[in-house]
Structure formats: structure tokens, C-alpha cells
>>> print(open('coords09.txt').read())   # compact mmCIF, C-alpha atoms
# COMPACT_ATOMS: atom_id res chain seq x y z
CA MET A 1 -9.88 71.39 41.17
CA ASN A 2 -12.82 73.84 41.16
CA THR A 3 -11.38 77.35 40.85
CA VAL A 4 -13.53 80.36 41.72
CA VAL A 5 -13.15 82.80 38.83
CA VAL A 6 -13.23 86.54 39.54
CA ALA A 7 -14.61 88.28 36.45
CA SER A 8 -14.73 91.93 35.49
CA SER A 9 -18.48 91.70 34.76
CA ALA A 10 -21.47 89.47 35.42
CA GLN A 11 -21.67 88.71 31.70
CA ASP A 12 -18.08 87.48 31.63
CA ALA A 13 -18.68 85.36 34.73
CA GLU A 14 -21.65 83.78 32.95
CA ALA A 15 -19.53 83.13 29.85
CA VAL A 16 -16.81 81.47 31.93
CA GLU A 17 -19.32 79.16 33.61
CA ALA A 18 -20.85 78.26 30.24
CA VAL A 19 -17.44 77.30 28.85
CA LYS A 20 -16.60 75.27 31.97
CA GLN A 21 -19.90 73.41 31.81
CA HIS A 22 -19.34 72.63 28.13
CA HIS A 23 -15.84 71.41 28.99
CA ALA A 24 -17.33 69.06 31.59
CA GLU A 25 -19.81 67.66 29.08
CA MET A 26 -17.06 67.06 26.55
CA ALA A 27 -14.84 65.37 29.13
CA GLY A 28 -17.74 63.14 30.18
CA THR A 29 -18.49 62.16 26.60
CA LEU A 30 -14.85 61.40 25.82
CA ALA A 31 -14.40 59.35 28.98
CA ALA A 32 -17.53 57.33 28.21
CA LEU A 33 -16.53 56.68 24.60
CA ALA A 34 -12.99 55.69 25.62
CA GLY A 35 -14.42 53.44 28.34
CA ARG A 36 -16.66 51.70 25.81
CA LEU A 37 -13.61 50.91 23.69
CA LEU A 38 -11.66 49.71 26.71
CA THR A 39 -14.41 47.27 27.74
CA ALA A 40 -15.41 46.08 24.27
CA ALA A 41 -16.10 42.35 24.38
CA ASP A 42 -14.92 41.50 20.88
CA ALA A 43 -13.28 42.94 17.78
CA ASP A 44 -16.55 44.05 16.20
CA ALA A 45 -17.64 45.92 19.32
CA ALA A 46 -14.19 47.50 19.58
CA SER A 47 -14.35 48.62 15.95
CA ARG A 48 -17.74 50.27 16.49
CA ALA A 49 -16.55 51.92 19.70
CA ARG A 50 -13.43 53.26 18.02
CA GLU A 51 -15.44 54.61 15.09
CA ALA A 52 -17.83 56.38 17.47
CA LEU A 53 -14.93 57.95 19.38
CA VAL A 54 -13.09 59.09 16.25
CA THR A 55 -16.29 60.51 14.75
CA TRP A 56 -17.07 62.46 17.92
CA ALA A 57 -13.52 63.75 18.27
CA ARG A 58 -13.47 65.01 14.70
CA SER A 59 -16.88 66.68 14.97
CA ASP A 60 -16.54 68.09 18.51
CA LEU A 61 -13.03 67.99 19.98
CA VAL A 62 -11.14 69.25 16.93
CA PRO A 63 -13.55 72.14 16.17
CA HIS A 64 -13.42 73.08 19.86
CA ALA A 65 -9.62 73.25 19.74
CA GLU A 66 -9.73 75.30 16.53
CA ALA A 67 -12.21 77.74 18.07
CA GLU A 68 -9.97 78.17 21.09
CA GLU A 69 -6.99 78.96 18.90
CA SER A 70 -8.97 81.52 16.92
CA ALA A 71 -10.91 83.22 19.74
CA LEU A 72 -9.37 82.63 23.18
CA TYR A 73 -5.70 81.96 22.73
CA PRO A 74 -4.73 85.15 20.85
CA LEU A 75 -6.17 87.21 23.71
CA ALA A 76 -4.31 85.21 26.34
CA HIS A 77 -1.11 85.19 24.27
CA ALA A 78 -1.16 88.97 24.09
CA ASP A 79 -0.88 89.03 27.89
CA THR A 80 2.68 88.33 29.03
CA ARG A 81 1.30 86.26 31.92
CA GLY A 82 -0.33 83.82 29.52
CA ARG A 83 2.10 83.71 26.60
CA LEU A 84 4.10 80.61 27.54
CA LEU A 85 0.99 78.79 28.72
CA VAL A 86 -0.81 79.42 25.42
CA GLU A 87 2.16 78.13 23.46
CA ALA A 88 2.11 74.98 25.58
CA MET A 89 -1.65 74.61 25.09
CA ILE A 90 -1.27 74.85 21.31
CA ALA A 91 1.39 72.14 21.50
CA GLU A 92 -1.10 69.99 23.41
CA HIS A 93 -3.65 70.54 20.65
CA ARG A 94 -1.13 69.10 18.20
CA LEU A 95 -0.59 66.14 20.52
CA LEU A 96 -4.34 65.57 20.80
CA THR A 97 -4.59 65.60 17.01
CA SER A 98 -1.69 63.15 16.76
CA LEU A 99 -3.34 60.79 19.26
CA LEU A 100 -6.57 60.97 17.29
CA GLN A 101 -4.71 60.01 14.12
CA GLN A 102 -3.04 57.12 15.95
CA LEU A 103 -6.42 55.98 17.25
CA ALA A 104 -7.96 56.00 13.78
CA ALA A 105 -5.00 54.00 12.40
CA ALA A 106 -4.56 51.55 15.31
CA SER A 107 -4.13 48.00 14.04
CA ASP A 108 -5.43 46.16 17.11
CA GLN A 109 -7.87 46.57 19.98
CA VAL A 110 -5.22 46.90 22.69
CA SER A 111 -3.41 49.74 20.92
CA ALA A 112 -6.69 51.50 20.19
CA ALA A 113 -7.84 51.25 23.82
CA ALA A 114 -4.50 52.52 25.14
CA THR A 115 -4.51 55.45 22.73
CA ALA A 116 -8.11 56.31 23.61
CA GLN A 117 -7.21 56.34 27.31
CA ALA A 118 -4.23 58.59 26.64
CA LEU A 119 -6.46 60.92 24.64
CA SER A 120 -8.97 61.12 27.48
CA VAL A 121 -6.34 61.77 30.17
CA LEU A 122 -4.57 64.46 28.13
CA PHE A 123 -7.85 66.19 27.26
CA GLU A 124 -8.96 66.28 30.90
CA SER A 125 -5.62 67.80 31.94
CA HIS A 126 -5.81 70.28 29.07
CA LEU A 127 -9.31 71.42 30.06
CA ALA A 128 -8.25 71.86 33.68
CA LYS A 129 -5.57 74.33 32.62
CA GLU A 130 -8.06 76.24 30.51
CA ASN A 131 -10.58 76.35 33.36
CA ASP A 132 -8.08 77.22 36.07
CA GLN A 133 -5.61 79.48 34.23
CA ILE A 134 -6.69 80.73 30.79
CA LEU A 135 -10.30 81.64 31.62
CA PRO A 136 -9.49 83.39 34.94
CA LEU A 137 -6.72 85.38 33.24
CA LEU A 138 -9.10 86.69 30.57
CA ALA A 139 -12.11 87.11 32.85
CA LYS A 140 -10.26 89.56 35.11
CA ARG A 141 -9.29 91.85 32.23
CA SER A 142 -11.64 94.81 31.90
CA ASP A 143 -10.55 95.32 28.29
CA VAL A 144 -11.76 91.85 27.25
CA ALA A 145 -15.49 91.14 26.92
CA LEU A 146 -15.60 87.37 26.99
CA MET A 147 -19.32 87.18 26.29
CA ASP A 148 -18.82 89.15 23.09
CA VAL A 149 -15.84 87.05 22.08
CA LEU A 150 -17.54 83.71 22.74
CA GLY A 151 -21.17 84.52 22.06
CA GLY A 152 -21.26 83.21 18.51
CA LEU A 153 -18.98 80.22 18.98
CA HIS A 154 -21.04 77.16 19.82
CA GLU A 155 -17.83 75.08 19.76
CA LEU A 156 -16.81 76.85 22.98
CA LEU A 157 -20.13 77.54 24.67
CA GLY A 158 -22.17 74.55 23.54
CA GLY A 159 -25.75 75.12 22.52
CA HIS A 160 -25.75 72.87 19.47
CA ASP A 161 -27.79 69.74 18.94
CA GLY A 162 -26.54 66.36 20.05
CA HIS A 163 -24.17 64.67 17.63
CA ALA A 164 -24.55 61.22 16.21
CA HIS A 165 -22.86 58.23 17.81
CA ASP A 166 -22.73 54.84 16.13
CA GLY A 167 -24.70 56.27 13.25
CA HIS A 168 -27.69 57.35 15.37
CA ALA A 169 -28.60 60.95 16.00
CA GLY A 170 -28.66 61.99 19.61
CA PRO A 171 -31.54 63.90 21.19
CA GLU A 172 -31.66 67.63 20.73
CA HIS A 173 -30.42 69.54 23.75
CA ALA A 174 -28.61 72.69 24.78
CA HIS A 175 -25.06 72.26 26.03
CA GLY A 176 -23.64 74.58 28.59
CA HIS A 177 -26.92 76.19 29.61
CA GLY A 178 -29.25 75.85 32.55
CA HIS A 179 -31.59 72.89 32.87
CA PRO A 180 -34.75 72.56 34.94
CA HIS A 181 -34.11 71.79 38.58
CA GLY A 182 -36.43 70.10 41.00
CA ASP A 183 -36.82 67.25 43.43
CA ALA A 184 -39.53 65.40 41.59
CA GLU A 185 -39.03 61.67 41.14
CA GLY A 186 -36.97 60.93 38.06
CA PRO A 187 -37.81 58.49 35.26
CA ALA A 188 -38.42 54.97 36.40
CA GLY A 189 -38.44 51.62 34.71
CA GLY A 190 -35.61 49.63 33.20
CA CYS A 191 -35.46 45.98 32.32
CA GLY A 192 -36.11 44.57 35.75
CA SER A 193 -33.77 43.82 38.61
CA GLY A 194 -30.61 41.75 38.54
CA SER A 195 -29.40 40.10 35.35
CA HIS A 196 -31.46 40.69 32.26
CA SER A 197 -31.58 39.92 28.59
CA CYS A 198 -33.62 42.48 26.72
CA ALA A 199 -33.63 45.01 23.92
CA CYS A 200 -30.99 47.13 25.63
CA GLY A 201 -28.33 44.93 24.07
CA GLU A 202 -26.48 44.29 27.34
CA SER A 203 -26.49 41.01 29.24
CA ASP A 204 -25.80 42.27 32.76
CA ALA A 205 -25.31 45.55 34.62
CA GLY A 206 -21.76 44.53 35.46
CA GLU A 207 -20.85 44.79 31.78
CA LEU A 208 -22.06 48.36 31.44
CA PRO A 209 -19.58 51.24 31.65
CA GLU A 210 -19.69 52.91 35.06
CA LEU A 211 -19.33 56.61 35.88
CA ASP A 212 -18.44 57.35 39.50
CA ALA A 213 -19.75 60.90 39.97
CA ARG A 214 -18.43 60.98 43.54
CA VAL A 215 -14.96 61.85 42.26
CA VAL A 216 -16.21 64.65 39.98
CA PRO A 217 -16.19 68.21 41.41
CA HIS A 218 -19.71 69.23 42.41
CA ALA A 219 -19.81 72.29 40.15
CA ILE A 220 -19.38 70.21 37.00
CA ARG A 221 -20.90 66.92 38.16
CA HIS A 222 -24.21 67.23 36.31
CA ALA A 223 -22.58 68.42 33.10
CA THR A 224 -20.17 65.48 33.21
CA VAL A 225 -23.08 63.04 33.59
CA PHE A 226 -24.89 64.71 30.67
CA GLY A 227 -21.80 64.28 28.51
CA ALA A 228 -21.40 60.63 29.49
CA LEU A 229 -25.06 59.92 28.69
CA ASP A 230 -24.67 61.61 25.31
CA ALA A 231 -22.12 58.90 24.48
CA VAL A 232 -24.50 56.03 25.28
CA ARG A 233 -25.53 54.39 22.04
CA PRO A 234 -29.18 53.52 21.29
CA GLY A 235 -29.93 50.22 22.99
CA GLY A 236 -26.96 50.62 25.34
CA GLY A 237 -26.58 51.90 28.85
CA MET A 238 -24.35 52.93 31.71
CA VAL A 239 -24.28 52.79 35.50
CA LEU A 240 -24.03 56.00 37.50
CA VAL A 241 -22.56 55.96 41.02
CA ALA A 242 -23.71 59.00 43.03
CA PRO A 243 -22.92 60.19 46.58
CA HIS A 244 -26.62 60.72 47.32
CA ASP A 245 -30.00 59.98 45.79
CA PRO A 246 -29.78 62.13 42.61
CA LEU A 247 -33.46 62.96 42.19
CA PRO A 248 -32.87 66.52 40.84
CA LEU A 249 -30.37 65.14 38.33
CA LEU A 250 -32.82 62.48 37.16
CA SER A 251 -35.44 65.17 36.62
CA GLN A 252 -32.97 67.23 34.60
CA ILE A 253 -32.04 64.23 32.45
CA GLU A 254 -35.69 63.48 31.71
CA ALA A 255 -36.40 67.15 30.90
CA ARG A 256 -33.32 67.25 28.67
CA ASN A 257 -34.03 63.94 26.89
CA PRO A 258 -37.76 63.16 27.32
CA GLY A 259 -38.43 59.43 27.20
CA VAL A 260 -34.93 58.54 26.00
CA PHE A 261 -33.60 56.84 29.15
CA THR A 262 -35.14 54.40 31.59
CA THR A 263 -33.53 54.04 35.00
CA GLU A 264 -33.27 51.40 37.69
CA TYR A 265 -31.75 51.69 41.15
CA LEU A 266 -29.18 48.94 41.74
CA GLU A 267 -28.12 50.28 45.15
CA ARG A 268 -29.72 52.86 47.47
CA GLY A 269 -27.03 54.12 49.85
CA PRO A 270 -26.00 54.81 52.44
CA GLU A 271 -22.55 55.43 50.94
CA ALA A 272 -23.41 55.16 47.25
CA TRP A 273 -26.44 55.18 44.99
CA ARG A 274 -25.98 53.09 41.83
CA ILE A 275 -28.43 53.66 38.99
CA ARG A 276 -28.57 51.86 35.67
CA PHE A 277 -29.50 53.97 32.64
CA LEU A 278 -30.74 52.25 29.50
CA ARG A 279 -31.21 54.18 26.29
CA ALA A 280 -34.12 53.45 23.98
CA SER A 281 -33.23 51.59 20.80
>>> encode(input="coords09.txt", output="C-alpha cells")
Amino acid sequence: MNTVVVASSAQDAEAVEAVKQHHAEMAGTLAALAGRLLTAADADAASRAREALVTWARSDLVPHAEAEESALYPLAHADTRGRLLVEAMIAEHRLLTSLLQQLAAASDQVSAAATAQALSVLFESHLAKENDQILPLLAKRSDVALMDVLGGLHELLGGHDGHAHDGHAGPEHAHGHGHPHGDAEGPAGGCGSGSHSCACGESDAGELPELDARVVPHAIRHATVFGALDAVRPGGGMVLVAPHDPLPLLSQIEARNPGVFTTEYLERGPEAWRIRFLRAS
């Protein structure tokens, strides 16, 4: 659902959109990390995928939840229209934390993958309620200046450098802010067509995690792709399925992460465009 938020000021409307974009990036990252665990080929790969997911959740998801409880939720709880919802959202934070603990302690790959999937589904549902109910409630209040409340909290608005996954630091970038647009041709290259065996560490495109952007609301589609790409480990990759030739998106990705990803078209329409992204080792 893509709710149009009516805000009491242009600044608050901007703050709401920044939070929603950061939410989309986080959801994309979590979905990609959970997907990597789900498709791990062996116990070692599953262990690395689980470690990457737990590390990200502790460094991004948990601080985000804590920032919400300190900055957003008290304001919404003070409004009788949001009181019960906030109490339910805090309960979901506790459930997210419990799932994270279960994931870290899982004794086998199947349990870890199931817990990671549950974590991803719950987090996506949780963010939808924040986007569609909490933020609109606060944005309409003339006595609440969301930009002032959120301005210094990078956990809510983004704007911090990429975090490490699998022990490698991600590229520096700004979350939740505008990126260059344009229709110039995106980065080209890749490891050749069809099956390949190269430094990317994958044996075939069919084994790469796949993000179908066609099912993602248009307003958060690019941010979701950015988040998913943030989760791609050095030497790894993913396949993006788009509803059209995503040339502006490819330009944004290259501007955001210069030289980090090579791309290869696996399918060029008319119903879907499939593009393989490979991250430099």
C-alpha cells in the first residue's frame, strides 16, 4: 500500500518521505539477507549468511527500533488515536528482538532460515503500519515538527555510511535522500552471458537471489533495490526483475556506488527485464 500523507508543512512532508525511503531500504536489505540464508547451498554458506543477517539486524534494525521508541512513539502515544497502536508496535519490537535472538541461537539451517523469513515478514508488516498510520497521524499535527524531531536521528532518516556485511565494508552512500536521476545508459559488463565461472563466486545466474521489483510499490521501488544491493556481499550478486528497462535506476546505482557493480541483461522484455548484478570482490 502506498498511502499519500497529508502533512502540516512541507518540511514535515519531506521528513515523512525520508523515513519511508529509509524503511524501504531496510526492508530490501533484510529481505535480501534472509533470502541468502534461505538459498544457502551448504552449512558454511548458511553460517556466513546468518552471521551477516544477525550483524546487520543488531547494527541497523535494533537501533532503528530504539530510535522510534525514543522519538516517534511517545508523540503518537500522547494522541488518543495512536495510543493502542503504539503499544502494539512496541510489542512487535519485542517480538522482532526475540526472533533475532532465536536466529542467532538456531541449531540448524532449516530453523535459521525459517526464523529469518519470519523476521522479514514481521518487519515488513511493522513498517507498513508505521508508514500508513503512525507517520500520517503525526504529520497532520500542527503542534509536532517532525523534521525537528527526526533531524538528528540517522537511525530513522538514514544518511549514514553503508554497514559491513560478511566482514567487508559497504560503499559510502546516503540513505533516504535524493539520488541523481537520468536516462543515461547504466553500467555494463558482467561475466559474460549464460552460465559462468568467475571471480563473482557464483556458478550460474539461477543460483543468485532474485528481487522482483514489479511487486514493490513504485514510490519505494528504487529504495528497496538499493537496500537489496547493500546486502550483496563482495564477489556475490543478485538478479533484478523490473517491469521496464530500468536505465534511470542503473544510473542511480552507478552514481551511488561508482564501479562497485557490473550488470548484464538476462532478459529484455516485453513483460520483464532481468538484470544480473555482480559486486566487485
>>> closest_residue(input="coords09.txt", among="A:Ile253, A:Glu92, A:Ser9, A:Gly28", to="Ile220 in chain A", atoms="all atoms listed in the file")
A:Gly28
>>> closest_atom_pairs(input="coords09.txt", of="range 45-90 of chain A", to="range 230-252 of chain A", cutoff="10 Å", atoms="all atoms listed in the file", output="CSV")
residue,atom,partner,partner_atom,distance
A:Ala49,CA,A:Arg233,CA,9.6
A:Ala52,CA,A:Ala231,CA,8.6
A:Leu53,CA,A:Ala231,CA,8.9
A:Trp56,CA,A:Ala231,CA,9.0
>>> residues_around(input="coords09.txt", residues="range 30-38 of chain A", least_positions_apart="5", cutoff="10 Å", atoms="only C-alpha atoms", output="PyMOL selection string")
chain A and resi 24-25+43+45-54+56-57+61+109-110+112-121+123-124+165+208-211+224-225+227-233+238
>>> closest_residue(input="coords09.txt", among="A:Met147, A:Leu100, A:Val216, A:Leu137", to="Arg81 in chain A", atoms="only C-alpha atoms")
A:Leu137
>>> closest_residue(input="coords09.txt", among="A:Met89, A:His222, A:Ala105, A:Leu95", to="His126 in chain A", atoms="all atoms listed in the file")
A:Met89
>>> atom_distance(input="coords09.txt", atom1="CA of Ser70 in chain A", atom2="CA of Asp12 in chain A")
18.3 Å
>>> atom_distance(input="coords09.txt", atom1="CA of Ala15 in chain A", atom2="CA of Val149 in chain A")
9.5 Å
>>> atom_distance(input="coords09.txt", atom1="CA of Val16 in chain A", atom2="CA of Leu135 in chain A")
6.5 Å
>>> closest_residue(input="coords09.txt", among="A:Tyr73, A:Phe226, A:Tyr265, A:Phe277", to="His22 in chain A", atoms="all atoms listed in the file")
A:Phe226
>>> decode(input="coords09.txt", residues="range 83-125 of chain A", atoms="N, CA and C atoms", output="PDB file, in the first residue's frame")
ATOM      1  N   ARG A  83      -2.682   5.652  20.632  1.00  0.00           N
ATOM      2  CA  ARG A  83      -2.183   5.015  21.857  1.00  0.00           C
ATOM      3  C   ARG A  83      -2.133   3.491  21.758  1.00  0.00           C
ATOM      4  N   LEU A  84      -3.240   2.870  21.375  1.00  0.00           N
ATOM      5  CA  LEU A  84      -3.267   1.415  21.298  1.00  0.00           C
ATOM      6  C   LEU A  84      -2.332   0.891  20.210  1.00  0.00           C
ATOM      7  N   LEU A  85      -2.257   1.617  19.102  1.00  0.00           N
ATOM      8  CA  LEU A  85      -1.377   1.208  18.020  1.00  0.00           C
ATOM      9  C   LEU A  85       0.078   1.228  18.469  1.00  0.00           C
ATOM     10  N   VAL A  86       0.479   2.274  19.172  1.00  0.00           N
ATOM     11  CA  VAL A  86       1.859   2.368  19.641  1.00  0.00           C
ATOM     12  C   VAL A  86       2.182   1.223  20.594  1.00  0.00           C
ATOM     13  N   GLU A  87       1.266   0.911  21.478  1.00  0.00           N
ATOM     14  CA  GLU A  87       1.502  -0.193  22.407  1.00  0.00           C
ATOM     15  C   GLU A  87       1.676  -1.510  21.645  1.00  0.00           C
ATOM     16  N   ALA A  88       0.910  -1.687  20.589  1.00  0.00           N
ATOM     17  CA  ALA A  88       1.058  -2.885  19.764  1.00  0.00           C
ATOM     18  C   ALA A  88       2.383  -2.874  19.010  1.00  0.00           C
ATOM     19  N   MET A  89       2.816  -1.696  18.553  1.00  0.00           N
ATOM     20  CA  MET A  89       4.078  -1.594  17.821  1.00  0.00           C
ATOM     21  C   MET A  89       5.262  -1.908  18.739  1.00  0.00           C
ATOM     22  N   ILE A  90       5.183  -1.452  19.987  1.00  0.00           N
ATOM     23  CA  ILE A  90       6.251  -1.755  20.937  1.00  0.00           C
ATOM     24  C   ILE A  90       6.298  -3.259  21.200  1.00  0.00           C
ATOM     25  N   ALA A  91       5.140  -3.888  21.284  1.00  0.00           N
ATOM     26  CA  ALA A  91       5.098  -5.342  21.455  1.00  0.00           C
ATOM     27  C   ALA A  91       5.743  -6.042  20.254  1.00  0.00           C
ATOM     28  N   GLU A  92       5.537  -5.497  19.063  1.00  0.00           N
ATOM     29  CA  GLU A  92       6.170  -6.080  17.877  1.00  0.00           C
ATOM     30  C   GLU A  92       7.680  -5.904  17.920  1.00  0.00           C
ATOM     31  N   HIS A  93       8.151  -4.790  18.461  1.00  0.00           N
ATOM     32  CA  HIS A  93       9.597  -4.622  18.639  1.00  0.00           C
ATOM     33  C   HIS A  93      10.155  -5.737  19.514  1.00  0.00           C
ATOM     34  N   ARG A  94       9.439  -6.080  20.574  1.00  0.00           N
ATOM     35  CA  ARG A  94       9.911  -7.144  21.455  1.00  0.00           C
ATOM     36  C   ARG A  94       9.914  -8.483  20.710  1.00  0.00           C
ATOM     37  N   LEU A  95       8.916  -8.681  19.845  1.00  0.00           N
ATOM     38  CA  LEU A  95       8.867  -9.911  19.067  1.00  0.00           C
ATOM     39  C   LEU A  95      10.006  -9.954  18.048  1.00  0.00           C
ATOM     40  N   LEU A  96      10.302  -8.834  17.426  1.00  0.00           N
ATOM     41  CA  LEU A  96      11.428  -8.769  16.495  1.00  0.00           C
ATOM     42  C   LEU A  96      12.725  -9.108  17.209  1.00  0.00           C
ATOM     43  N   THR A  97      12.912  -8.559  18.407  1.00  0.00           N
ATOM     44  CA  THR A  97      14.115  -8.845  19.184  1.00  0.00           C
ATOM     45  C   THR A  97      14.193 -10.321  19.546  1.00  0.00           C
ATOM     46  N   SER A  98      13.038 -10.906  19.916  1.00  0.00           N
ATOM     47  CA  SER A  98      13.007 -12.326  20.250  1.00  0.00           C
ATOM     48  C   SER A  98      13.367 -13.191  19.043  1.00  0.00           C
ATOM     49  N   LEU A  99      12.843 -12.828  17.871  1.00  0.00           N
ATOM     50  CA  LEU A  99      13.177 -13.579  16.657  1.00  0.00           C
ATOM     51  C   LEU A  99      14.653 -13.459  16.330  1.00  0.00           C
ATOM     52  N   LEU A 100      15.221 -12.294  16.553  1.00  0.00           N
ATOM     53  CA  LEU A 100      16.645 -12.115  16.310  1.00  0.00           C
ATOM     54  C   LEU A 100      17.468 -13.004  17.237  1.00  0.00           C
ATOM     55  N   GLN A 101      17.070 -13.094  18.490  1.00  0.00           N
ATOM     56  CA  GLN A 101      17.766 -13.968  19.434  1.00  0.00           C
ATOM     57  C   GLN A 101      17.634 -15.428  19.020  1.00  0.00           C
ATOM     58  N   GLN A 102      16.441 -15.819  18.564  1.00  0.00           N
ATOM     59  CA  GLN A 102      16.242 -17.185  18.088  1.00  0.00           C
ATOM     60  C   GLN A 102      17.110 -17.474  16.874  1.00  0.00           C
ATOM     61  N   LEU A 103      17.216 -16.491  15.985  1.00  0.00           N
ATOM     62  CA  LEU A 103      18.040 -16.661  14.790  1.00  0.00           C
ATOM     63  C   LEU A 103      19.504 -16.869  15.165  1.00  0.00           C
ATOM     64  N   ALA A 104      19.995 -16.053  16.088  1.00  0.00           N
ATOM     65  CA  ALA A 104      21.398 -16.165  16.492  1.00  0.00           C
ATOM     66  C   ALA A 104      21.686 -17.508  17.159  1.00  0.00           C
ATOM     67  N   ALA A 105      20.666 -18.085  17.826  1.00  0.00           N
ATOM     68  CA  ALA A 105      20.870 -19.328  18.574  1.00  0.00           C
ATOM     69  C   ALA A 105      20.410 -20.564  17.815  1.00  0.00           C
ATOM     70  N   ALA A 106      19.889 -20.416  16.611  1.00  0.00           N
ATOM     71  CA  ALA A 106      19.354 -21.561  15.862  1.00  0.00           C
ATOM     72  C   ALA A 106      20.412 -22.646  15.704  1.00  0.00           C
ATOM     73  N   SER A 107      19.997 -23.886  15.895  1.00  0.00           N
ATOM     74  CA  SER A 107      20.945 -25.000  15.884  1.00  0.00           C
ATOM     75  C   SER A 107      21.097 -25.655  14.516  1.00  0.00           C
ATOM     76  N   ASP A 108      20.247 -25.302  13.561  1.00  0.00           N
ATOM     77  CA  ASP A 108      20.340 -25.914  12.244  1.00  0.00           C
ATOM     78  C   ASP A 108      19.904 -24.916  11.177  1.00  0.00           C
ATOM     79  N   GLN A 109      20.239 -25.238   9.934  1.00  0.00           N
ATOM     80  CA  GLN A 109      19.997 -24.324   8.823  1.00  0.00           C
ATOM     81  C   GLN A 109      18.506 -24.113   8.569  1.00  0.00           C
ATOM     82  N   VAL A 110      17.711 -25.155   8.716  1.00  0.00           N
ATOM     83  CA  VAL A 110      16.280 -25.033   8.448  1.00  0.00           C
ATOM     84  C   VAL A 110      15.622 -24.085   9.448  1.00  0.00           C
ATOM     85  N   SER A 111      15.944 -24.261  10.728  1.00  0.00           N
ATOM     86  CA  SER A 111      15.373 -23.376  11.750  1.00  0.00           C
ATOM     87  C   SER A 111      15.815 -21.939  11.540  1.00  0.00           C
ATOM     88  N   ALA A 112      17.084 -21.749  11.190  1.00  0.00           N
ATOM     89  CA  ALA A 112      17.593 -20.401  10.966  1.00  0.00           C
ATOM     90  C   ALA A 112      16.890 -19.739   9.792  1.00  0.00           C
ATOM     91  N   ALA A 113      16.701 -20.479   8.693  1.00  0.00           N
ATOM     92  CA  ALA A 113      16.044 -19.928   7.507  1.00  0.00           C
ATOM     93  C   ALA A 113      14.593 -19.583   7.807  1.00  0.00           C
ATOM     94  N   ALA A 114      13.893 -20.442   8.551  1.00  0.00           N
ATOM     95  CA  ALA A 114      12.501 -20.177   8.885  1.00  0.00           C
ATOM     96  C   ALA A 114      12.373 -18.953   9.779  1.00  0.00           C
ATOM     97  N   THR A 115      13.279 -18.825  10.734  1.00  0.00           N
ATOM     98  CA  THR A 115      13.246 -17.670  11.632  1.00  0.00           C
ATOM     99  C   THR A 115      13.568 -16.383  10.879  1.00  0.00           C
ATOM    100  N   ALA A 116      14.528 -16.455   9.963  1.00  0.00           N
ATOM    101  CA  ALA A 116      14.882 -15.277   9.170  1.00  0.00           C
ATOM    102  C   ALA A 116      13.698 -14.829   8.317  1.00  0.00           C
ATOM    103  N   GLN A 117      12.967 -15.786   7.751  1.00  0.00           N
ATOM    104  CA  GLN A 117      11.794 -15.446   6.946  1.00  0.00           C
ATOM    105  C   GLN A 117      10.717 -14.811   7.810  1.00  0.00           C
ATOM    106  N   ALA A 118      10.513 -15.342   9.001  1.00  0.00           N
ATOM    107  CA  ALA A 118       9.529 -14.761   9.915  1.00  0.00           C
ATOM    108  C   ALA A 118       9.920 -13.343  10.309  1.00  0.00           C
ATOM    109  N   LEU A 119      11.204 -13.124  10.538  1.00  0.00           N
ATOM    110  CA  LEU A 119      11.707 -11.800  10.878  1.00  0.00           C
ATOM    111  C   LEU A 119      11.435 -10.810   9.750  1.00  0.00           C
ATOM    112  N   SER A 120      11.689 -11.230   8.524  1.00  0.00           N
ATOM    113  CA  SER A 120      11.489 -10.367   7.369  1.00  0.00           C
ATOM    114  C   SER A 120      10.019 -10.023   7.177  1.00  0.00           C
ATOM    115  N   VAL A 121       9.136 -11.022   7.296  1.00  0.00           N
ATOM    116  CA  VAL A 121       7.700 -10.790   7.100  1.00  0.00           C
ATOM    117  C   VAL A 121       7.153  -9.861   8.183  1.00  0.00           C
ATOM    118  N   LEU A 122       7.532 -10.104   9.439  1.00  0.00           N
ATOM    119  CA  LEU A 122       7.050  -9.265  10.534  1.00  0.00           C
ATOM    120  C   LEU A 122       7.553  -7.832  10.374  1.00  0.00           C
ATOM    121  N   PHE A 123       8.808  -7.663   9.985  1.00  0.00           N
ATOM    122  CA  PHE A 123       9.371  -6.326   9.847  1.00  0.00           C
ATOM    123  C   PHE A 123       8.678  -5.556   8.734  1.00  0.00           C
ATOM    124  N   GLU A 124       8.382  -6.224   7.625  1.00  0.00           N
ATOM    125  CA  GLU A 124       7.693  -5.550   6.521  1.00  0.00           C
ATOM    126  C   GLU A 124       6.295  -5.103   6.947  1.00  0.00           C
ATOM    127  N   SER A 125       5.580  -5.959   7.680  1.00  0.00           N
ATOM    128  CA  SER A 125       4.259  -5.596   8.175  1.00  0.00           C
ATOM    129  C   SER A 125       4.347  -4.441   9.173  1.00  0.00           C
TER     130      SER A 125
END
